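For reference, entry06.cif is printed below; it contains mmCIF, C-alpha atoms and all ligand atoms.
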data_target
loop_
_atom_site.group_PDB
_atom_site.id
_atom_site.type_symbol
_atom_site.label_atom_id
_atom_site.label_comp_id
_atom_site.auth_asym_id
_atom_site.auth_seq_id
_atom_site.Cartn_x
_atom_site.Cartn_y
_atom_site.Cartn_z
ATOM 1 C CA MET A 1474 22.713 11.445 51.755
ATOM 2 C CA LEU A 1475 20.132 9.589 53.856
ATOM 3 C CA PRO A 1476 16.713 8.780 52.344
ATOM 4 C CA PHE A 1477 13.929 11.320 52.817
ATOM 5 C CA GLU A 1478 11.280 10.610 55.443
ATOM 6 C CA LYS A 1479 7.876 12.114 56.084
ATOM 7 C CA ALA A 1480 8.051 14.968 58.602
ATOM 8 C CA THR A 1481 6.143 14.261 61.822
ATOM 9 C CA SER A 1482 6.131 15.860 65.268
ATOM 10 C CA LEU A 1483 8.943 13.431 66.206
ATOM 11 C CA TYR A 1484 11.259 15.581 64.083
ATOM 12 C CA VAL A 1485 10.577 19.084 65.432
ATOM 13 C CA ASN A 1486 14.050 19.276 66.996
ATOM 14 C CA ALA A 1487 15.834 18.323 63.760
ATOM 15 C CA LEU A 1488 13.600 20.662 61.757
ATOM 16 C CA SER A 1489 14.164 23.701 63.974
ATOM 17 C CA THR A 1490 17.918 23.012 64.156
ATOM 18 C CA MET A 1491 18.229 22.798 60.376
ATOM 19 C CA HIS A 1492 15.947 25.813 59.902
ATOM 20 C CA SER A 1493 18.187 27.932 62.174
ATOM 21 C CA LEU A 1494 21.182 27.028 59.974
ATOM 22 C CA CYS A 1495 19.302 28.128 56.851
ATOM 23 C CA PHE A 1496 17.397 31.288 57.836
ATOM 24 C CA LYS A 1497 18.085 34.420 59.908
ATOM 25 C CA LYS A 1498 14.564 34.282 61.362
ATOM 26 C CA ALA A 1499 14.622 30.740 62.746
ATOM 27 C CA TRP A 1500 11.410 28.827 63.500
ATOM 28 C CA ASP A 1501 11.493 27.139 66.908
ATOM 29 C CA GLU A 1502 10.261 23.647 67.792
ATOM 30 C CA LYS A 1503 6.830 24.974 68.754
ATOM 31 C CA ALA A 1504 6.398 26.633 65.366
ATOM 32 C CA PHE A 1505 7.084 23.295 63.652
ATOM 33 C CA ALA A 1506 4.919 21.387 66.136
ATOM 34 C CA ASP A 1507 2.007 23.774 65.505
ATOM 35 C CA LEU A 1508 2.368 23.427 61.735
ATOM 36 C CA LEU A 1509 2.668 19.634 61.841
ATOM 37 C CA CYS A 1510 -0.545 19.434 63.898
ATOM 38 C CA LEU A 1511 -2.476 20.813 60.955
ATOM 39 C CA PRO A 1512 -3.957 18.212 58.623
ATOM 40 C CA THR A 1513 -2.918 20.404 55.680
ATOM 41 C CA THR A 1514 0.818 20.308 56.450
ATOM 42 C CA VAL A 1515 2.952 17.763 54.606
ATOM 43 C CA GLY A 1516 6.740 17.656 54.824
ATOM 44 C CA TYR A 1517 9.856 15.628 54.129
ATOM 45 C CA LEU A 1518 13.343 15.678 55.572
ATOM 46 C CA ASN A 1519 16.598 13.823 55.960
ATOM 47 C CA ASP A 1520 19.762 14.565 57.943
ATOM 48 C CA CYS A 1521 20.612 17.725 55.976
ATOM 49 C CA ALA A 1522 17.456 19.052 54.285
ATOM 50 C CA PHE A 1523 13.779 19.704 54.877
ATOM 51 C CA VAL A 1524 10.674 21.002 53.150
ATOM 52 C CA LEU A 1525 7.142 21.712 54.369
ATOM 53 C CA PHE A 1526 4.070 22.192 52.187
ATOM 54 C CA SER A 1527 0.561 23.388 52.901
ATOM 55 C CA VAL A 1528 -1.749 21.198 50.842
ATOM 56 C CA CYS A 1529 -5.336 22.085 50.012
ATOM 57 C CA ASP A 1530 -7.263 19.887 47.582
ATOM 58 C CA ASN A 1531 -5.138 19.638 44.424
ATOM 59 C CA GLN A 1532 -2.864 22.590 45.227
ATOM 60 C CA ALA A 1533 0.215 22.812 47.433
ATOM 61 C CA GLU A 1534 2.345 25.710 48.609
ATOM 62 C CA ILE A 1535 5.938 25.465 49.790
ATOM 63 C CA LEU A 1536 6.070 26.949 53.314
ATOM 64 C CA THR A 1537 9.775 26.485 53.897
ATOM 65 C CA LEU A 1538 12.690 24.596 52.394
ATOM 66 C CA GLY A 1539 16.356 24.455 53.280
ATOM 67 C CA VAL A 1540 19.601 22.529 52.982
ATOM 68 C CA VAL A 1541 22.233 22.974 55.700
ATOM 69 C CA PRO A 1542 25.256 24.958 54.450
ATOM 70 C CA ASP A 1543 27.725 22.025 54.385
ATOM 71 C CA ALA A 1544 25.457 19.980 52.117
ATOM 72 C CA ARG A 1545 24.642 22.644 49.508
ATOM 73 C CA LYS A 1546 25.380 22.567 45.769
ATOM 74 C CA LYS A 1547 25.357 18.759 45.701
ATOM 75 C CA GLY A 1548 21.866 18.289 44.317
ATOM 76 C CA VAL A 1549 20.212 17.685 47.710
ATOM 77 C CA ALA A 1550 17.432 20.273 47.291
ATOM 78 C CA SER A 1551 16.734 19.061 43.757
ATOM 79 C CA SER A 1552 16.426 15.473 45.033
ATOM 80 C CA LEU A 1553 14.194 16.603 47.895
ATOM 81 C CA LEU A 1554 11.865 18.435 45.510
ATOM 82 C CA LYS A 1555 11.721 15.431 43.179
ATOM 83 C CA HIS A 1556 10.908 13.086 46.078
ATOM 84 C CA SER A 1557 8.262 15.486 47.426
ATOM 85 C CA PHE A 1558 6.628 16.038 44.046
ATOM 86 C CA ASP A 1559 6.432 12.272 43.409
ATOM 87 C CA GLU A 1560 4.655 11.855 46.757
ATOM 88 C CA LEU A 1561 2.351 14.866 46.294
ATOM 89 C CA LYS A 1562 1.400 13.706 42.789
ATOM 90 C CA LYS A 1563 0.373 10.345 44.246
ATOM 91 C CA ALA A 1564 -1.850 12.270 46.698
ATOM 92 C CA GLY A 1565 -3.569 14.097 43.833
ATOM 93 C CA VAL A 1566 -1.743 17.428 43.877
ATOM 94 C CA LYS A 1567 -1.668 19.098 40.467
ATOM 95 C CA GLU A 1568 -0.128 22.532 41.154
ATOM 96 C CA ILE A 1569 2.633 23.811 43.441
ATOM 97 C CA PHE A 1570 3.067 27.483 44.383
ATOM 98 C CA LEU A 1571 5.784 29.327 46.273
ATOM 99 C CA ASP A 1572 7.188 32.777 47.076
ATOM 100 C CA VAL A 1573 10.898 33.424 46.636
ATOM 101 C CA ASN A 1574 12.914 36.551 47.380
ATOM 102 C CA VAL A 1575 14.055 38.127 44.123
ATOM 103 C CA ASN A 1576 17.570 38.359 45.640
ATOM 104 C CA ASN A 1577 17.753 34.641 46.524
ATOM 105 C CA LEU A 1578 19.627 33.518 43.417
ATOM 106 C CA ALA A 1579 20.364 29.987 44.708
ATOM 107 C CA ALA A 1580 16.678 29.289 45.337
ATOM 108 C CA ARG A 1581 15.618 30.887 42.053
ATOM 109 C CA LYS A 1582 18.044 28.609 40.167
ATOM 110 C CA LEU A 1583 16.773 25.570 42.065
ATOM 111 C CA TYR A 1584 13.132 26.330 41.258
ATOM 112 C CA GLU A 1585 13.849 27.213 37.632
ATOM 113 C CA LYS A 1586 15.617 23.858 37.218
ATOM 114 C CA ALA A 1587 12.652 22.130 38.875
ATOM 115 C CA GLY A 1588 10.294 23.581 36.260
ATOM 116 C CA PHE A 1589 8.673 26.501 38.090
ATOM 117 C CA GLU A 1590 7.449 29.551 36.186
ATOM 118 C CA GLN A 1591 6.909 33.076 37.495
ATOM 119 C CA ILE A 1592 3.233 34.070 37.656
ATOM 120 C CA SER A 1593 3.337 37.261 39.710
ATOM 121 C CA VAL A 1594 5.446 39.696 41.749
ATOM 122 C CA ARG A 1595 4.662 40.958 45.251
ATOM 123 C CA LYS A 1596 6.376 44.329 45.555
ATOM 124 C CA ASN A 1597 8.299 44.983 48.795
ATOM 125 C CA TYR A 1598 6.976 41.733 50.276
ATOM 126 C CA TYR A 1599 10.110 41.083 52.366
ATOM 127 C CA ASP A 1600 11.492 43.537 54.928
ATOM 128 C CA GLU A 1601 14.782 42.578 56.554
ATOM 129 C CA ALA A 1602 15.869 45.335 58.946
ATOM 130 C CA GLY A 1603 14.351 47.989 56.701
ATOM 131 C CA GLN A 1604 15.764 46.454 53.508
ATOM 132 C CA LYS A 1605 12.733 45.759 51.320
ATOM 133 C CA SER A 1606 12.694 43.320 48.428
ATOM 134 C CA ASP A 1607 10.134 41.786 46.096
ATOM 135 C CA ALA A 1608 8.740 38.257 46.224
ATOM 136 C CA LEU A 1609 8.406 36.346 42.977
ATOM 137 C CA VAL A 1610 5.380 34.054 42.973
ATOM 138 C CA LEU A 1611 6.204 30.841 41.135
ATOM 139 C CA LYS A 1612 4.022 27.969 39.989
ATOM 140 C CA LYS A 1613 4.613 24.463 38.698
ATOM 141 C CA ALA A 1614 1.860 22.322 37.223
ATOM 142 C CA PHE A 1615 2.157 18.528 36.961
HETATM 143 C C1 LIG B 1701 18.336 27.277 47.981
HETATM 144 C C2 LIG B 1701 18.892 25.972 48.542
HETATM 145 C C3 LIG B 1701 17.762 25.162 49.135
HETATM 146 C C4 LIG B 1701 19.546 25.173 47.391
HETATM 147 O O1 LIG B 1701 19.924 23.892 47.903
HETATM 148 P P1 LIG B 1701 21.035 22.995 47.164
HETATM 149 O O2 LIG B 1701 20.959 21.618 47.721
HETATM 150 O O3 LIG B 1701 22.346 23.690 47.227
HETATM 151 O O4 LIG B 1701 20.513 23.014 45.655
HETATM 152 P P2 LIG B 1701 20.970 22.018 44.487
HETATM 153 O O5 LIG B 1701 22.355 21.526 44.793
HETATM 154 O O6 LIG B 1701 19.907 21.003 44.268
HETATM 155 O O7 LIG B 1701 21.074 23.024 43.266
HETATM 156 C C5 LIG B 1701 20.029 23.273 42.357
HETATM 157 C C6 LIG B 1701 20.541 24.226 41.289
HETATM 158 O O8 LIG B 1701 20.749 25.507 41.862
HETATM 159 C C7 LIG B 1701 22.090 25.907 41.671
HETATM 160 N N1 LIG B 1701 22.569 26.594 42.854
HETATM 161 C C8 LIG B 1701 22.556 26.137 44.130
HETATM 162 N N2 LIG B 1701 23.109 27.050 44.934
HETATM 163 C C9 LIG B 1701 23.474 28.088 44.141
HETATM 164 C C10 LIG B 1701 24.086 29.348 44.407
HETATM 165 N N3 LIG B 1701 24.481 29.707 45.647
HETATM 166 N N4 LIG B 1701 24.286 30.204 43.366
HETATM 167 C C11 LIG B 1701 23.918 29.862 42.118
HETATM 168 N N5 LIG B 1701 23.323 28.674 41.796
HETATM 169 C C12 LIG B 1701 23.120 27.812 42.813
HETATM 170 C C13 LIG B 1701 22.872 24.628 41.497
HETATM 171 O O9 LIG B 1701 24.086 24.860 40.815
HETATM 172 C C14 LIG B 1701 21.891 23.785 40.707
HETATM 173 O O10 LIG B 1701 21.906 24.107 39.325
HETATM 174 P P3 LIG B 1701 22.808 23.239 38.293
HETATM 175 O O11 LIG B 1701 22.381 21.810 38.429
HETATM 176 O O12 LIG B 1701 22.479 23.854 36.980
HETATM 177 O O13 LIG B 1701 24.227 23.442 38.724
HETATM 178 C C15 LIG B 1701 19.985 26.248 49.627
HETATM 179 O O14 LIG B 1701 20.936 27.156 49.085
HETATM 180 C C16 LIG B 1701 19.424 26.824 50.931
HETATM 181 O O15 LIG B 1701 19.005 26.072 51.812
HETATM 182 N N6 LIG B 1701 19.445 28.161 51.065
HETATM 183 C C17 LIG B 1701 18.961 28.827 52.307
HETATM 184 C C18 LIG B 1701 17.465 28.652 52.516
HETATM 185 C C19 LIG B 1701 16.667 29.115 51.323
HETATM 186 O O16 LIG B 1701 16.974 30.130 50.674
HETATM 187 N N7 LIG B 1701 15.581 28.364 51.021
HETATM 188 C C20 LIG B 1701 14.691 28.666 49.920
HETATM 189 C C21 LIG B 1701 13.655 29.665 50.334
HETATM 190 S S1 LIG B 1701 12.499 29.981 49.022
#
What does the file become when written as structure tokens?
Ligand SMILES: CC(C)(COP(=O)(O)OP(=O)(O)OC[C@H]1O[C@@H](n2cnc3c(N)ncnc32)[C@H](O)[C@@H]1OP(=O)(O)O)[C@@H](O)C(=O)NCCC(=O)NCCS
Amino acid sequence: MLPFEKATSLYVNALSTMHSLCFKKAWDEKAFADLLCLPTTVGYLNDCAFVLFSVCDNQAEILTLGVVPDARKKGVASSLLKHSFDELKKAGVKEIFLDVNVNNLAARKLYEKAGFEQISVRKNYYDEAGQKSDALVLKKAF
């Protein structure tokens, strides 16, 4: 696994390629370029994984996170979260929030292992081709 680097607009191609391997609704290069233009967006990636946060004062929210299928279940996402949290802590972040689909068991396990706790539920938040599902709102405090 290559070391994690800070996401910049130089990486929009790698980010959109990896995103398309991880999600049905892929974000294109422009979507990543627009996000990375914002001063509030912070992200990290390597050759097989990525994460973007929106940071405001001492709070951060995970916008997207993924590991390409071939690299899963090897601890990559856990390492990426640890790296990101170390960096965000240095920048003064004290709380991280995220939404996760109640049916996404892999992500729920990842976040539980990383120390997140459920603080709320958004009923029918996701709608994939008419199939509705709840979002769990999770929080981790440093
Ligand atoms: C969720 C995701 C990021 C996990 O990445 P990963 O690199 O495989 O995760 P890790 O290897 O660090 O695993 C973390 C924990 O979750 C568990 N886990 C990972 N995938 C799992 C799965 N499919 N089912 C059950 N548990 C799983 C691991 O076993 C590990 O727990 P353990 O140490 O007790 O064994 C990856 O599956 C992914 O990219 N999915 C598609 C995109 C996505 O859902 N992103 C999150 C949106 S909120």
**Request:** Take the PyMOL selection byres (((chain A and resi 1507-1519) around 9) and not hetatm), apply it to the structure above, and return the hits as a ChimeraX atom specification.
**Result:** /A:1474-1482,1484-1485,1487-1488,1502-1506,1520-1529,1553,1556-1557,1561
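Atom N6 of ligand LIG 1701 (chain B) to CA of Glu1601 in chain A spans 16.1 Å [interatomic distance, one decimal].
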Using only C-alpha atoms and all ligand atoms, determine which residues fall within 6 Å of ligand LIG 1701 (chain B), then list them as an mmCIF file with C-alpha atoms, keeping the file's coordinate frame.
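Everything below was put into pocket19.cif:
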data_model
loop_
_atom_site.group_PDB
_atom_site.id
_atom_site.type_symbol
_atom_site.label_atom_id
_atom_site.label_comp_id
_atom_site.auth_asym_id
_atom_site.auth_seq_id
_atom_site.Cartn_x
_atom_site.Cartn_y
_atom_site.Cartn_z
ATOM 1 C CA CYS A 1495 19.302 28.128 56.851
ATOM 2 C CA PHE A 1496 17.397 31.288 57.836
ATOM 3 C CA LEU A 1538 12.690 24.596 52.394
ATOM 4 C CA GLY A 1539 16.356 24.455 53.280
ATOM 5 C CA VAL A 1540 19.601 22.529 52.982
ATOM 6 C CA VAL A 1541 22.233 22.974 55.700
ATOM 7 C CA ARG A 1545 24.642 22.644 49.508
ATOM 8 C CA LYS A 1546 25.380 22.567 45.769
ATOM 9 C CA LYS A 1547 25.357 18.759 45.701
ATOM 10 C CA GLY A 1548 21.866 18.289 44.317
ATOM 11 C CA VAL A 1549 20.212 17.685 47.710
ATOM 12 C CA ALA A 1550 17.432 20.273 47.291
ATOM 13 C CA SER A 1551 16.734 19.061 43.757
ATOM 14 C CA VAL A 1573 10.898 33.424 46.636
ATOM 15 C CA LEU A 1578 19.627 33.518 43.417
ATOM 16 C CA ALA A 1579 20.364 29.987 44.708
ATOM 17 C CA ALA A 1580 16.678 29.289 45.337
ATOM 18 C CA LYS A 1582 18.044 28.609 40.167
ATOM 19 C CA LEU A 1583 16.773 25.570 42.065
#
**Complete:** Using all atoms listed in the file, the residue out of A:Ala1587, A:Leu1554, A:Ala1614, A:Ile1535 with shortest distance to Asp1572 in chain A is A:Ile1535
**Request:** Run the PyMOL selection byres (((chain A and resi 1606) around 8) and not hetatm) against the file shown and list the residues it catches, as a PyMOL selection string.
**Result:** chain A and resi 1574-1576+1596-1600+1604-1605+1607-1608
**Item:** Residue neighbourhood Gly1588 in chain A, 10 Å, only C-alpha atoms, exclusion window fewer than 2 positions, as a ChimeraX atom specification
**Value:** /A:1583-1586,1590,1611-1615
**Request:** Point out the residue among A:Ala1533, A:Ala1499, A:Leu1494, A:Leu1609 with the least atom-to-atom distance to Ala1564 in chain A, counting all atoms listed in the file.
**Result:** A:Ala1533
**Request:** May I ask for the distance between CA of Asp1530 in chain A and CA of Phe1558 in chain A, given in Å to one decimal place?
**Result:**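 So the answer is 14.8 Å.
Put simply, CA of Ile1569 in chain A is 25.8 Å away from CA of Thr1490 in chain A.
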